[in-house]
Amino acid sequence: MYVGVDEAGKGPVIGPMVAAAVRANPDQLPADVDDSKRVPPERRVAIAAELRA
């Protein structure tokens, strides 16, 4: 299993913050994704749709 954790936001002192953790079987993850910041926006949309399905 892979576990990933990420956060976004300014932090509790200066604004809202969101944190998430995900556990997934490596065989079920897209092969070309290891950092969402390196994935083009249109590919992110496609991956999101695939994961929700």
# chains A, B, ... in the order shown; residues from 1 in each chain; ligands from 1
call {"tool": "residues_around", "arguments": {"residues": "region 14-30 of chain A", "least_positions_apart": "2", "cutoff": "6 Å", "atoms": "only C-alpha atoms", "output": "count of residues only"}}
result
14
call {"tool": "select_by_dssp", "arguments": {"residues": "chain A", "states": "alpha helix (DSSP H)", "output": "ChimeraX atom specification"}}
result
/A:41-52
call {"tool": "select_by_dssp", "arguments": {"residues": "chain A", "states": "strand (DSSP E or B)", "output": "mmCIF file with all heavy atoms, in the first residue's frame"}}
result
data_model
loop_
_atom_site.group_PDB
_atom_site.id
_atom_site.type_symbol
_atom_site.label_atom_id
_atom_site.label_comp_id
_atom_site.auth_asym_id
_atom_site.auth_seq_id
_atom_site.Cartn_x
_atom_site.Cartn_y
_atom_site.Cartn_z
ATOM 1 N N TYR A 2 0.399 2.266 -0.695
ATOM 2 C CA TYR A 2 1.016 3.586 -0.656
ATOM 3 C C TYR A 2 0.131 4.482 0.200
ATOM 4 O O TYR A 2 -1.088 4.370 0.178
ATOM 5 C CB TYR A 2 1.080 4.216 -2.042
ATOM 6 C CG TYR A 2 2.144 3.670 -2.951
ATOM 7 C CD1 TYR A 2 2.053 3.867 -4.315
ATOM 8 C CD2 TYR A 2 3.238 2.974 -2.477
ATOM 9 C CE1 TYR A 2 3.020 3.385 -5.177
ATOM 10 C CE2 TYR A 2 4.205 2.490 -3.331
ATOM 11 C CZ TYR A 2 4.094 2.698 -4.676
ATOM 12 O OH TYR A 2 5.055 2.230 -5.534
ATOM 13 N N VAL A 3 0.752 5.384 0.922
ATOM 14 C CA VAL A 3 0.021 6.379 1.692
ATOM 15 C C VAL A 3 0.560 7.744 1.302
ATOM 16 O O VAL A 3 1.773 7.947 1.252
ATOM 17 C CB VAL A 3 0.190 6.160 3.211
ATOM 18 C CG1 VAL A 3 -0.482 7.255 3.996
ATOM 19 C CG2 VAL A 3 -0.360 4.800 3.617
ATOM 20 N N GLY A 4 -0.334 8.654 0.997
ATOM 21 C CA GLY A 4 0.064 10.009 0.644
ATOM 22 C C GLY A 4 -0.669 11.010 1.504
ATOM 23 O O GLY A 4 -1.832 10.824 1.854
ATOM 24 N N VAL A 5 0.022 12.069 1.874
ATOM 25 C CA VAL A 5 -0.556 13.134 2.689
ATOM 26 C C VAL A 5 -0.231 14.451 2.000
ATOM 27 O O VAL A 5 0.864 14.641 1.493
ATOM 28 C CB VAL A 5 0.043 13.123 4.112
ATOM 29 C CG1 VAL A 5 -0.505 14.266 4.937
ATOM 30 C CG2 VAL A 5 -0.216 11.785 4.786
ATOM 31 N N ASP A 6 -1.190 15.352 1.996
ATOM 32 C CA ASP A 6 -0.956 16.666 1.403
ATOM 33 C C ASP A 6 -1.773 17.697 2.153
ATOM 34 O O ASP A 6 -2.756 17.369 2.816
ATOM 35 C CB ASP A 6 -1.338 16.653 -0.071
ATOM 36 C CG ASP A 6 -0.678 17.780 -0.864
ATOM 37 O OD1 ASP A 6 0.110 18.552 -0.268
ATOM 38 O OD2 ASP A 6 -0.949 17.893 -2.055
ATOM 39 N N GLU A 7 -1.344 18.937 2.035
ATOM 40 C CA GLU A 7 -2.068 20.045 2.652
ATOM 41 C C GLU A 7 -2.076 21.209 1.684
ATOM 42 O O GLU A 7 -1.235 21.308 0.802
ATOM 43 C CB GLU A 7 -1.436 20.436 3.992
ATOM 44 C CG GLU A 7 0.061 20.708 3.953
ATOM 45 C CD GLU A 7 0.469 22.027 3.351
ATOM 46 O OE1 GLU A 7 -0.325 22.988 3.361
ATOM 47 O OE2 GLU A 7 1.580 22.110 2.844
ATOM 48 N N ALA A 8 -3.046 22.059 1.879
ATOM 49 C CA ALA A 8 -3.150 23.267 1.065
ATOM 50 C C ALA A 8 -3.755 24.361 1.920
ATOM 51 O O ALA A 8 -4.615 24.112 2.753
ATOM 52 C CB ALA A 8 -4.026 23.001 -0.153
ATOM 53 N N GLY A 9 -3.286 25.554 1.734
ATOM 54 C CA GLY A 9 -3.846 26.676 2.467
ATOM 55 C C GLY A 9 -2.766 27.494 3.132
ATOM 56 O O GLY A 9 -1.574 27.264 2.961
ATOM 57 N N MET A 17 -7.032 26.070 6.146
ATOM 58 C CA MET A 17 -6.106 25.027 5.706
ATOM 59 C C MET A 17 -6.890 23.721 5.548
ATOM 60 O O MET A 17 -7.797 23.442 6.319
ATOM 61 C CB MET A 17 -4.983 24.826 6.713
ATOM 62 C CG MET A 17 -4.031 23.702 6.339
ATOM 63 S SD MET A 17 -2.630 23.655 7.445
ATOM 64 C CE MET A 17 -1.407 24.290 6.345
ATOM 65 N N VAL A 18 -6.536 22.955 4.529
ATOM 66 C CA VAL A 18 -7.150 21.655 4.274
ATOM 67 C C VAL A 18 -6.039 20.623 4.210
ATOM 68 O O VAL A 18 -5.000 20.857 3.587
ATOM 69 C CB VAL A 18 -7.939 21.665 2.942
ATOM 70 C CG1 VAL A 18 -8.486 20.293 2.628
ATOM 71 C CG2 VAL A 18 -9.047 22.693 2.985
ATOM 72 N N ALA A 19 -6.244 19.490 4.865
ATOM 73 C CA ALA A 19 -5.275 18.400 4.818
ATOM 74 C C ALA A 19 -6.013 17.117 4.463
ATOM 75 O O ALA A 19 -7.184 16.947 4.792
ATOM 76 C CB ALA A 19 -4.573 18.237 6.160
ATOM 77 N N ALA A 20 -5.327 16.232 3.751
ATOM 78 C CA ALA A 20 -5.933 14.960 3.352
ATOM 79 C C ALA A 20 -4.876 13.866 3.366
ATOM 80 O O ALA A 20 -3.696 14.123 3.141
ATOM 81 C CB ALA A 20 -6.539 15.073 1.957
ATOM 82 N N ALA A 21 -5.328 12.658 3.641
ATOM 83 C CA ALA A 21 -4.469 11.479 3.563
ATOM 84 C C ALA A 21 -5.200 10.423 2.742
ATOM 85 O O ALA A 21 -6.411 10.269 2.864
ATOM 86 C CB ALA A 21 -4.156 10.940 4.954
ATOM 87 N N VAL A 22 -4.452 9.728 1.908
ATOM 88 C CA VAL A 22 -5.039 8.712 1.037
ATOM 89 C C VAL A 22 -4.187 7.459 1.104
ATOM 90 O O VAL A 22 -2.963 7.524 1.068
ATOM 91 C CB VAL A 22 -5.112 9.213 -0.422
ATOM 92 C CG1 VAL A 22 -5.640 8.129 -1.338
ATOM 93 C CG2 VAL A 22 -5.957 10.461 -0.512
ATOM 94 N N ARG A 23 -4.844 6.318 1.187
ATOM 95 C CA ARG A 23 -4.159 5.029 1.140
ATOM 96 C C ARG A 23 -4.661 4.309 -0.100
ATOM 97 O O ARG A 23 -5.868 4.252 -0.348
ATOM 98 C CB ARG A 23 -4.485 4.207 2.389
ATOM 99 C CG ARG A 23 -3.770 2.877 2.424
ATOM 100 C CD ARG A 23 -4.145 2.120 3.657
ATOM 101 N NE ARG A 23 -5.497 1.590 3.456
ATOM 102 C CZ ARG A 23 -5.994 0.564 4.099
ATOM 103 N NH1 ARG A 23 -5.290 -0.033 5.027
ATOM 104 N NH2 ARG A 23 -7.203 0.141 3.852
ATOM 105 N N ALA A 24 -3.731 3.778 -0.905
ATOM 106 C CA ALA A 24 -4.138 3.151 -2.155
ATOM 107 C C ALA A 24 -3.213 1.995 -2.517
ATOM 108 O O ALA A 24 -2.027 2.004 -2.184
ATOM 109 C CB ALA A 24 -4.134 4.171 -3.279
#
